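Participant: I am sharing data_2.cif, which consists of mmCIF, C-alpha atoms:
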```cif
data_start
#
loop_
_atom_site.label_atom_id
_atom_site.label_comp_id
_atom_site.auth_asym_id
_atom_site.auth_seq_id
_atom_site.Cartn_x
_atom_site.Cartn_y
_atom_site.Cartn_z
CA GLY A 23 -66.09 -5.28 30.01
CA ALA A 24 -63.02 -3.12 30.49
CA GLY A 25 -60.61 -2.73 27.64
CA VAL A 26 -56.85 -2.31 27.73
CA SER A 27 -55.80 0.53 29.99
CA GLN A 28 -52.50 2.37 30.16
CA SER A 29 -51.02 4.83 32.60
CA PRO A 30 -50.02 7.54 32.69
CA SER A 31 -51.75 8.99 29.66
CA ASN A 32 -49.06 11.65 29.37
CA LYS A 33 -45.54 11.75 30.74
CA VAL A 34 -43.06 14.59 30.44
CA THR A 35 -39.58 13.88 31.67
CA GLU A 36 -36.09 15.31 31.47
CA LYS A 37 -33.37 13.73 29.40
CA GLY A 38 -31.48 11.16 31.43
CA LYS A 39 -34.32 10.24 33.78
CA ASP A 40 -35.90 6.80 33.95
CA VAL A 41 -39.61 6.28 33.21
CA GLU A 42 -42.05 3.45 33.77
CA LEU A 43 -45.14 2.94 31.66
CA ARG A 44 -47.91 0.62 32.73
CA CYS A 45 -50.34 -1.56 30.80
CA ASP A 46 -53.36 -3.44 32.14
CA PRO A 47 -54.50 -5.91 29.48
CA ILE A 48 -57.96 -7.32 29.08
CA SER A 49 -58.56 -9.92 31.76
CA GLY A 50 -57.77 -13.41 30.52
CA HIS A 51 -55.75 -12.32 27.51
CA THR A 52 -52.55 -14.31 27.33
CA ALA A 53 -50.68 -12.26 24.75
CA LEU A 54 -49.46 -8.72 25.41
CA TYR A 55 -47.62 -6.42 23.02
CA TRP A 56 -45.82 -3.11 23.30
CA TYR A 57 -45.52 -0.84 20.26
CA ARG A 58 -44.09 2.62 19.75
CA GLN A 59 -45.59 5.24 17.47
CA SER A 60 -43.33 8.16 16.66
CA LEU A 61 -44.79 11.34 15.20
CA GLY A 62 -46.11 10.70 11.71
CA GLN A 63 -44.92 7.11 11.73
CA GLY A 64 -46.55 3.72 11.86
CA LEU A 65 -46.36 1.43 14.82
CA GLU A 66 -43.01 -0.09 15.66
CA PHE A 67 -43.04 -3.42 17.49
CA LEU A 68 -41.07 -3.43 20.75
CA ILE A 69 -41.76 -6.58 22.78
CA TYR A 70 -44.25 -9.45 22.99
CA PHE A 71 -45.30 -11.59 25.95
CA GLN A 72 -47.16 -14.87 25.48
CA GLY A 73 -48.28 -16.66 28.60
CA ASN A 74 -45.35 -18.02 30.58
CA SER A 75 -43.01 -18.19 27.59
CA ALA A 76 -39.86 -16.11 27.37
CA PRO A 77 -40.77 -12.74 25.86
CA ASP A 78 -39.83 -11.80 22.31
CA LYS A 79 -37.61 -8.76 22.87
CA SER A 80 -36.39 -8.50 19.29
CA GLY A 81 -38.01 -5.11 18.72
CA LEU A 82 -36.43 -3.26 21.65
CA PRO A 83 -34.28 -0.47 20.17
CA SER A 84 -31.57 -0.49 22.82
CA ASP A 85 -30.62 -1.99 26.19
CA ARG A 86 -32.11 1.08 27.86
CA PHE A 87 -35.52 -0.46 27.17
CA SER A 88 -36.88 -3.35 29.20
CA ALA A 89 -40.28 -4.74 30.07
CA GLU A 90 -41.76 -7.24 32.43
CA ARG A 91 -45.11 -8.84 32.89
CA THR A 92 -45.95 -9.88 36.42
CA GLY A 93 -48.33 -12.74 37.08
CA GLY A 94 -49.23 -12.97 33.44
CA SER A 95 -51.27 -9.78 33.64
CA VAL A 96 -49.99 -6.23 34.17
CA SER A 97 -46.93 -5.17 32.21
CA THR A 98 -44.43 -2.39 32.81
CA LEU A 99 -42.21 -0.91 30.12
CA THR A 100 -39.13 0.81 31.57
CA ILE A 101 -36.93 3.24 29.69
CA GLN A 102 -33.68 4.11 31.45
CA ARG A 103 -31.68 7.27 30.85
CA THR A 104 -34.28 8.65 28.47
CA GLN A 105 -33.22 10.44 25.31
CA GLN A 106 -35.13 12.94 23.21
CA GLU A 107 -35.53 10.38 20.43
CA ASP A 108 -37.54 8.24 22.88
CA SER A 109 -40.37 10.78 22.64
CA ALA A 110 -43.34 8.93 21.14
CA VAL A 111 -46.68 7.38 21.96
CA TYR A 112 -46.24 3.96 23.55
CA LEU A 113 -49.11 1.62 22.82
CA CYS A 114 -49.98 -1.62 24.53
CA ALA A 115 -52.21 -4.31 23.05
CA SER A 116 -53.52 -7.64 24.25
CA ARG A 117 -54.92 -10.67 22.50
CA SER A 118 -56.68 -13.81 23.54
CA GLY A 119 -55.38 -17.26 22.71
CA LEU A 120 -52.22 -19.27 23.10
CA ALA A 121 -49.17 -19.01 20.83
CA GLY A 122 -50.10 -20.19 17.37
CA GLU A 123 -53.75 -20.54 18.34
CA VAL A 124 -56.26 -18.64 16.26
CA VAL A 125 -59.12 -17.20 18.26
CA GLY A 126 -61.75 -15.45 16.23
CA ASN A 127 -59.98 -12.97 13.99
CA ASN A 128 -56.86 -12.83 16.16
CA GLU A 129 -57.65 -9.23 16.94
CA GLN A 130 -55.27 -7.23 19.07
CA PHE A 131 -57.06 -4.78 21.33
CA PHE A 132 -55.17 -1.55 21.86
CA GLY A 133 -54.99 0.73 24.84
CA PRO A 134 -55.14 4.53 24.47
CA GLY A 135 -51.37 4.86 24.75
CA THR A 136 -48.94 6.87 26.85
CA ARG A 137 -47.55 9.99 25.23
CA LEU A 138 -43.94 10.36 26.37
CA THR A 139 -42.13 13.64 25.91
CA VAL A 140 -38.44 13.83 26.76
CA LEU A 141 -37.19 17.39 27.14
CA GLY B 29 -38.14 -8.92 6.66
CA GLU B 30 -41.68 -7.69 6.64
CA ASP B 31 -42.45 -4.40 4.95
CA VAL B 32 -45.83 -2.69 4.66
CA GLU B 33 -46.31 0.50 2.66
CA GLN B 34 -49.15 2.97 2.38
CA SER B 35 -49.57 6.36 0.78
CA LEU B 36 -49.45 9.11 3.37
CA PHE B 37 -52.43 11.24 2.51
CA LEU B 38 -55.81 11.10 0.80
CA SER B 39 -58.34 13.90 0.42
CA VAL B 40 -61.91 13.32 -0.74
CA ARG B 41 -65.20 15.20 -0.76
CA GLU B 42 -68.02 14.17 1.50
CA GLY B 43 -70.23 11.60 -0.22
CA ASP B 44 -67.48 10.32 -2.52
CA SER B 45 -65.81 6.94 -2.16
CA SER B 46 -62.36 6.68 -0.60
CA VAL B 47 -59.85 4.02 -1.53
CA ILE B 48 -56.83 3.48 0.68
CA ASN B 49 -54.13 1.18 -0.62
CA CYS B 50 -51.51 -0.96 1.07
CA THR B 51 -48.75 -3.19 -0.27
CA TYR B 52 -46.77 -5.74 1.67
CA THR B 53 -43.88 -8.09 1.08
CA ASP B 54 -44.46 -11.09 3.37
CA SER B 55 -46.45 -13.75 1.53
CA SER B 56 -47.09 -15.79 4.69
CA SER B 57 -49.74 -13.40 5.98
CA THR B 58 -52.72 -14.96 7.71
CA TYR B 59 -54.93 -12.08 8.73
CA LEU B 60 -54.80 -8.58 7.27
CA TYR B 61 -56.36 -5.74 9.21
CA TRP B 62 -57.44 -2.16 8.81
CA TYR B 63 -57.24 -0.03 11.95
CA LYS B 64 -58.58 3.50 12.38
CA GLN B 65 -56.95 6.08 14.61
CA GLU B 66 -58.80 9.27 15.41
CA PRO B 67 -56.97 12.27 16.91
CA GLY B 68 -55.93 11.60 20.49
CA ALA B 69 -57.44 8.13 20.48
CA GLY B 70 -56.09 4.60 20.38
CA LEU B 71 -56.33 2.24 17.44
CA GLN B 72 -59.71 0.79 16.66
CA LEU B 73 -60.09 -2.32 14.53
CA LEU B 74 -62.21 -1.38 11.55
CA THR B 75 -62.29 -4.58 9.57
CA TYR B 76 -60.13 -7.51 8.60
CA ILE B 77 -59.77 -10.17 5.95
CA PHE B 78 -58.40 -13.67 6.13
CA SER B 79 -55.74 -14.53 3.60
CA ASN B 80 -57.84 -17.12 1.78
CA MET B 81 -60.43 -14.49 0.88
CA ASP B 82 -60.22 -11.91 -1.88
CA MET B 83 -63.04 -9.64 -0.83
CA LYS B 84 -64.99 -8.76 2.24
CA GLN B 85 -67.83 -6.28 2.55
CA ASP B 86 -69.04 -4.79 5.79
CA GLN B 87 -71.65 -2.04 5.41
CA ARG B 88 -69.82 0.93 3.85
CA LEU B 89 -66.47 -0.84 3.93
CA THR B 90 -65.08 -3.13 1.23
CA VAL B 91 -61.73 -4.84 1.61
CA LEU B 92 -60.02 -6.25 -1.46
CA LEU B 93 -57.02 -8.57 -1.26
CA ASN B 94 -54.82 -9.46 -4.22
CA LYS B 95 -52.42 -12.06 -2.86
CA LYS B 96 -50.53 -12.40 -6.11
CA ASP B 97 -49.62 -8.71 -6.12
CA LYS B 98 -49.54 -8.50 -2.28
CA HIS B 99 -51.97 -5.60 -2.42
CA LEU B 100 -54.69 -4.76 0.07
CA SER B 101 -57.22 -1.97 -0.25
CA LEU B 102 -59.97 -0.44 1.84
CA ARG B 103 -62.87 1.26 0.12
CA ILE B 104 -65.17 3.50 2.14
CA ALA B 105 -68.42 4.26 0.35
CA ASP B 106 -70.28 7.55 0.91
CA THR B 107 -67.39 8.98 2.94
CA GLN B 108 -68.47 11.19 5.82
CA THR B 109 -66.59 13.87 7.77
CA GLY B 110 -66.55 11.45 10.72
CA ASP B 111 -64.39 9.14 8.64
CA SER B 112 -61.52 11.64 8.81
CA ALA B 113 -58.74 9.79 10.61
CA ILE B 114 -55.50 7.90 10.02
CA TYR B 115 -55.98 4.42 8.60
CA PHE B 116 -53.36 1.73 9.19
CA CYS B 117 -53.09 -1.58 7.44
CA ALA B 118 -51.52 -4.31 9.51
CA ILE B 119 -50.33 -7.76 8.60
CA ASP B 120 -50.38 -10.80 10.86
CA THR B 121 -47.99 -13.53 9.79
CA GLY B 122 -48.74 -15.64 12.85
CA ARG B 123 -45.17 -15.34 14.10
CA ARG B 124 -45.36 -12.50 16.54
CA ALA B 125 -46.66 -8.94 16.51
CA LEU B 126 -48.47 -7.19 13.72
CA THR B 127 -46.51 -5.29 11.10
CA PHE B 128 -48.06 -1.91 10.46
CA GLY B 129 -47.88 0.47 7.57
CA SER B 130 -47.09 4.09 8.28
CA GLY B 131 -50.74 5.09 8.01
CA THR B 132 -52.81 7.06 5.50
CA ARG B 133 -54.35 10.28 6.69
CA LEU B 134 -57.84 10.61 5.21
CA GLN B 135 -59.21 14.13 5.02
CA VAL B 136 -62.88 14.50 4.14
CA GLN B 137 -63.90 17.88 2.84
CA PRO B 138 -67.50 19.01 3.35
#
```
Using structure tokens, write down the structure that the file contains.

Facilitator:
Amino acid sequence: GAGVSQSPSNKVTEKGKDVELRCDPISGHTALYWYRQSLGQGLEFLIYFQGNSAPDKSGLPSDRFSAERTGGSVSTLTIQRTQQEDSAVYLCASRSGLAGEVVGNNEQFFGPGTRLTVL
Amino acid sequence: GEDVEQSLFLSVREGDSSVINCTYTDSSSTYLYWYKQEPGAGLQLLTYIFSNMDMKQDQRLTVLLNKKDKHLSLRIADTQTGDSAIYFCAIDTGRRALTFGSGTRLQVQP
């Protein structure tokens, strides 16, 4: 079946513009995560959606960042008034199972990412 | 808070074994993962170990877990040029998202 998909694959924008990044998780997966990978760095957690629960936004670096997940499926990460330090690869992942439930090895399946460049 | 550390770079010759190390601070880990990232590609789960295990072998891969020292390692036997990639360890504490190390770049020389 289809894996996690993200669009666009690349986005170049000017400083100060808003951008929207999209994630389509694996069908039926209840958990969805956004991470950010800056050049030469590990993955930094941004936000986590689990079913209909309130999202865990504790990783968002500033109030310019927001995300929503409509209908428990597709998610959009929005960055307002982009800055050069926002340049990174934004990765989305999804996982099966309810909060606290262990399904298999609890694997998170990652999309290919969106490379954002802010000029 | 959670902290996961890895060495940044490892270079080996083709056919040798590679050992990539990872240390972490959170003792409440449940699953511990190794992900592989090839250039321009997303993260691919390579293998994992559950916290009540101390070793897991999967073909050329051996994962060792020392819970007392909070040390995780990945050994790749008979390393091939196709193994060249960045390897991330990631810790799942069951609370929310995974905590990743900064990645170890493995370079395999022919």

Participant: Find the residues in chain B near chain A: any atom within 7 Å counts, using all atoms listed in the file. Write them as a list in words.

Facilitator: Ala69, Gly70, Leu71, Gly122, Ala125, Phe128, Gly129, Ser130 and Gly131 of chain B

Participant: Write the residues of the selection above to a file with C-alpha atoms, as a compact mmCIF listing (two decimals), in the frame of the given file.

Facilitator:
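Result file out-v1.txt:
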```
# COMPACT_ATOMS: atom_id res chain seq x y z
CA ALA B 69 -57.44 8.13 20.48
CA GLY B 70 -56.09 4.60 20.38
CA LEU B 71 -56.33 2.24 17.44
CA GLY B 122 -48.74 -15.64 12.85
CA ALA B 125 -46.66 -8.94 16.51
CA PHE B 128 -48.06 -1.91 10.46
CA GLY B 129 -47.88 0.47 7.57
CA SER B 130 -47.09 4.09 8.28
CA GLY B 131 -50.74 5.09 8.01
```

Participant: For this file, the PyMOL selection byres ((chain A and resi 85) around 12) selects which residues, as a compact mmCIF listing (two decimals) with C-alpha atoms, in the frame of the given file?

Facilitator:
```txt
# COMPACT_ATOMS: atom_id res chain seq x y z
CA LEU A 68 -41.07 -3.43 20.75
CA LYS A 79 -37.61 -8.76 22.87
CA SER A 80 -36.39 -8.50 19.29
CA GLY A 81 -38.01 -5.11 18.72
CA LEU A 82 -36.43 -3.26 21.65
CA PRO A 83 -34.28 -0.47 20.17
CA SER A 84 -31.57 -0.49 22.82
CA ARG A 86 -32.11 1.08 27.86
CA PHE A 87 -35.52 -0.46 27.17
CA SER A 88 -36.88 -3.35 29.20
CA ALA A 89 -40.28 -4.74 30.07
CA THR A 100 -39.13 0.81 31.57
CA ILE A 101 -36.93 3.24 29.69
CA GLN A 102 -33.68 4.11 31.45
CA ARG A 103 -31.68 7.27 30.85
CA THR A 104 -34.28 8.65 28.47
```

Participant: Report the residues retrieved by the PyMOL selection byres ((chain B and resi 40) around 9) from the displayed file, expressed as a list in words.

Facilitator: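 Selection result, ordered by chain and number: Leu38, Ser39, Arg41, Glu42, Gly43, Asp44, Ser45, Ser46, Thr107, Leu134, Gln135, Val136, Gln137 and Pro138 of chain B.
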
Participant: If you measure from atom CA of Leu99 of chain A to atom CA of Thr139 of chain A, what distance in Å do you get, rounded to one decimal?

Facilitator: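 Computing it gives 15.1 Å between the two atoms.
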
Participant: Choose the residue, out of A:Gly25, A:Leu61, A:Leu141, A:Gly73, that has the smallest atom-to-atom separation from Ala110 of chain A; count only C-alpha atoms.

Facilitator: A:Leu61

Participant: Taking the file as I've supplied it (selection: the PyMOL selection byres ((chain B and resi 78) around 7)), which residues are included? Please answer as a PyMOL selection string.

Facilitator: chain B and resi 58-60+76-77+79-81

Participant: So how far away is atom CA of Thr121 of chain B from atom CA of Gln28 of chain A, in Å?

Facilitator: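 So the answer is 26.2 Å.
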
Participant: Of the residues B:Lys84, B:Arg133, B:Lys98, B:Arg124, which is the one nearest to Tyr63 of chain B, using only C-alpha atoms?

Facilitator: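 Ranking B:Lys84, B:Arg133, B:Lys98, B:Arg124 by distance to Tyr63 of chain B, first place goes to B:Arg133.
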
Participant: Could you tell me how far atom CA of Cys50 of chain B sits from atom CA of Gly110 of chain B, in Å to one decimal place?

Facilitator: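 Taking atom CA of Gly110 of chain B and atom CA of Cys50 of chain B, their separation equals 21.8 Å.
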
Participant: Mind listing whatever residues come within 10 Å of the point (-58.9, -14.1, 28.9)? Use all atoms listed in the file, file coordinates, and give them as JSON, numbers by chain.

Facilitator: {"A": [47, 48, 49, 50, 51, 52, 53, 95, 116, 117, 118, 119]}

Participant: Select, counting all atoms listed in the file, all protein, DNA and RNA residues no farther than 9 Å from (-58.6, -2.5, 9.5) in file coordinates, and express the selection as a PyMOL selection string.

Facilitator: chain B and resi 60-64+72-77+91+102+115-118

Participant: Mind working out the centre and edge lengths of an axis-aligned box for segment 37-55 of chain A, all listed atoms inside, 6 Å added to each side, rounded to one decimal in Å and written as JSON?

Facilitator:
```
{"center_x": -45.0, "center_y": -0.3, "center_z": 28.5, "size_x": 39.1, "size_y": 40.0, "size_z": 22.9}
```

Participant: Would you fill the gaps in segment 97-117 of chain A so it has N, CA and C atoms, then print it as a PDB file, in the frame of the given file?

Facilitator:
```pdb
ATOM      1  N   SER A  97     -48.278  -5.296  32.754  1.00  0.00           N
ATOM      2  CA  SER A  97     -46.930  -5.170  32.210  1.00  0.00           C
ATOM      3  C   SER A  97     -46.406  -3.760  32.443  1.00  0.00           C
ATOM      4  N   THR A  98     -45.097  -3.674  32.658  1.00  0.00           N
ATOM      5  CA  THR A  98     -44.430  -2.390  32.810  1.00  0.00           C
ATOM      6  C   THR A  98     -43.302  -2.301  31.809  1.00  0.00           C
ATOM      7  N   LEU A  99     -43.303  -1.202  31.050  1.00  0.00           N
ATOM      8  CA  LEU A  99     -42.210  -0.910  30.120  1.00  0.00           C
ATOM      9  C   LEU A  99     -41.340   0.161  30.788  1.00  0.00           C
ATOM     10  N   THR A 100     -40.057  -0.115  30.920  1.00  0.00           N
ATOM     11  CA  THR A 100     -39.130   0.810  31.570  1.00  0.00           C
ATOM     12  C   THR A 100     -38.124   1.313  30.550  1.00  0.00           C
ATOM     13  N   ILE A 101     -37.953   2.627  30.541  1.00  0.00           N
ATOM     14  CA  ILE A 101     -36.930   3.240  29.690  1.00  0.00           C
ATOM     15  C   ILE A 101     -35.948   3.933  30.622  1.00  0.00           C
ATOM     16  N   GLN A 102     -34.704   3.508  30.585  1.00  0.00           N
ATOM     17  CA  GLN A 102     -33.680   4.110  31.450  1.00  0.00           C
ATOM     18  C   GLN A 102     -32.946   5.200  30.683  1.00  0.00           C
ATOM     19  N   ARG A 103     -32.508   6.193  31.424  1.00  0.00           N
ATOM     20  CA  ARG A 103     -31.680   7.270  30.850  1.00  0.00           C
ATOM     21  C   ARG A 103     -32.309   7.776  29.549  1.00  0.00           C
ATOM     22  N   THR A 104     -33.527   8.269  29.660  1.00  0.00           N
ATOM     23  CA  THR A 104     -34.280   8.650  28.470  1.00  0.00           C
ATOM     24  C   THR A 104     -33.547   9.657  27.611  1.00  0.00           C
ATOM     25  N   GLN A 105     -33.776   9.528  26.296  1.00  0.00           N
ATOM     26  CA  GLN A 105     -33.220  10.440  25.310  1.00  0.00           C
ATOM     27  C   GLN A 105     -34.370  11.115  24.574  1.00  0.00           C
ATOM     28  N   GLN A 106     -34.074  12.208  23.914  1.00  0.00           N
ATOM     29  CA  GLN A 106     -35.130  12.940  23.210  1.00  0.00           C
ATOM     30  C   GLN A 106     -35.760  12.089  22.109  1.00  0.00           C
ATOM     31  N   GLU A 107     -34.978  11.207  21.492  1.00  0.00           N
ATOM     32  CA  GLU A 107     -35.530  10.380  20.430  1.00  0.00           C
ATOM     33  C   GLU A 107     -36.491   9.309  20.963  1.00  0.00           C
ATOM     34  N   ASP A 108     -36.577   9.166  22.295  1.00  0.00           N
ATOM     35  CA  ASP A 108     -37.540   8.240  22.880  1.00  0.00           C
ATOM     36  C   ASP A 108     -38.949   8.835  22.906  1.00  0.00           C
ATOM     37  N   SER A 109     -39.062  10.129  22.639  1.00  0.00           N
ATOM     38  CA  SER A 109     -40.370  10.780  22.640  1.00  0.00           C
ATOM     39  C   SER A 109     -41.265  10.128  21.591  1.00  0.00           C
ATOM     40  N   ALA A 110     -42.419   9.659  22.025  1.00  0.00           N
ATOM     41  CA  ALA A 110     -43.340   8.930  21.140  1.00  0.00           C
ATOM     42  C   ALA A 110     -44.574   8.580  21.953  1.00  0.00           C
ATOM     43  N   VAL A 111     -45.551   7.973  21.263  1.00  0.00           N
ATOM     44  CA  VAL A 111     -46.680   7.380  21.960  1.00  0.00           C
ATOM     45  C   VAL A 111     -46.407   5.886  22.084  1.00  0.00           C
ATOM     46  N   TYR A 112     -46.487   5.377  23.293  1.00  0.00           N
ATOM     47  CA  TYR A 112     -46.240   3.960  23.550  1.00  0.00           C
ATOM     48  C   TYR A 112     -47.582   3.268  23.724  1.00  0.00           C
ATOM     49  N   LEU A 113     -47.828   2.312  22.857  1.00  0.00           N
ATOM     50  CA  LEU A 113     -49.110   1.620  22.820  1.00  0.00           C
ATOM     51  C   LEU A 113     -48.957   0.189  23.294  1.00  0.00           C
ATOM     52  N   CYS A 114     -49.923  -0.249  24.052  1.00  0.00           N
ATOM     53  CA  CYS A 114     -49.980  -1.620  24.530  1.00  0.00           C
ATOM     54  C   CYS A 114     -51.194  -2.290  23.897  1.00  0.00           C
ATOM     55  N   ALA A 115     -51.087  -3.560  23.596  1.00  0.00           N
ATOM     56  CA  ALA A 115     -52.210  -4.310  23.050  1.00  0.00           C
ATOM     57  C   ALA A 115     -52.243  -5.693  23.681  1.00  0.00           C
ATOM     58  N   SER A 116     -53.416  -6.268  23.764  1.00  0.00           N
ATOM     59  CA  SER A 116     -53.520  -7.640  24.250  1.00  0.00           C
ATOM     60  C   SER A 116     -54.391  -8.461  23.320  1.00  0.00           C
ATOM     61  N   ARG A 117     -54.202  -9.752  23.381  1.00  0.00           N
ATOM     62  CA  ARG A 117     -54.920 -10.670  22.500  1.00  0.00           C
ATOM     63  C   ARG A 117     -55.198 -11.958  23.238  1.00  0.00           C
TER      64      ARG A 117
END
```
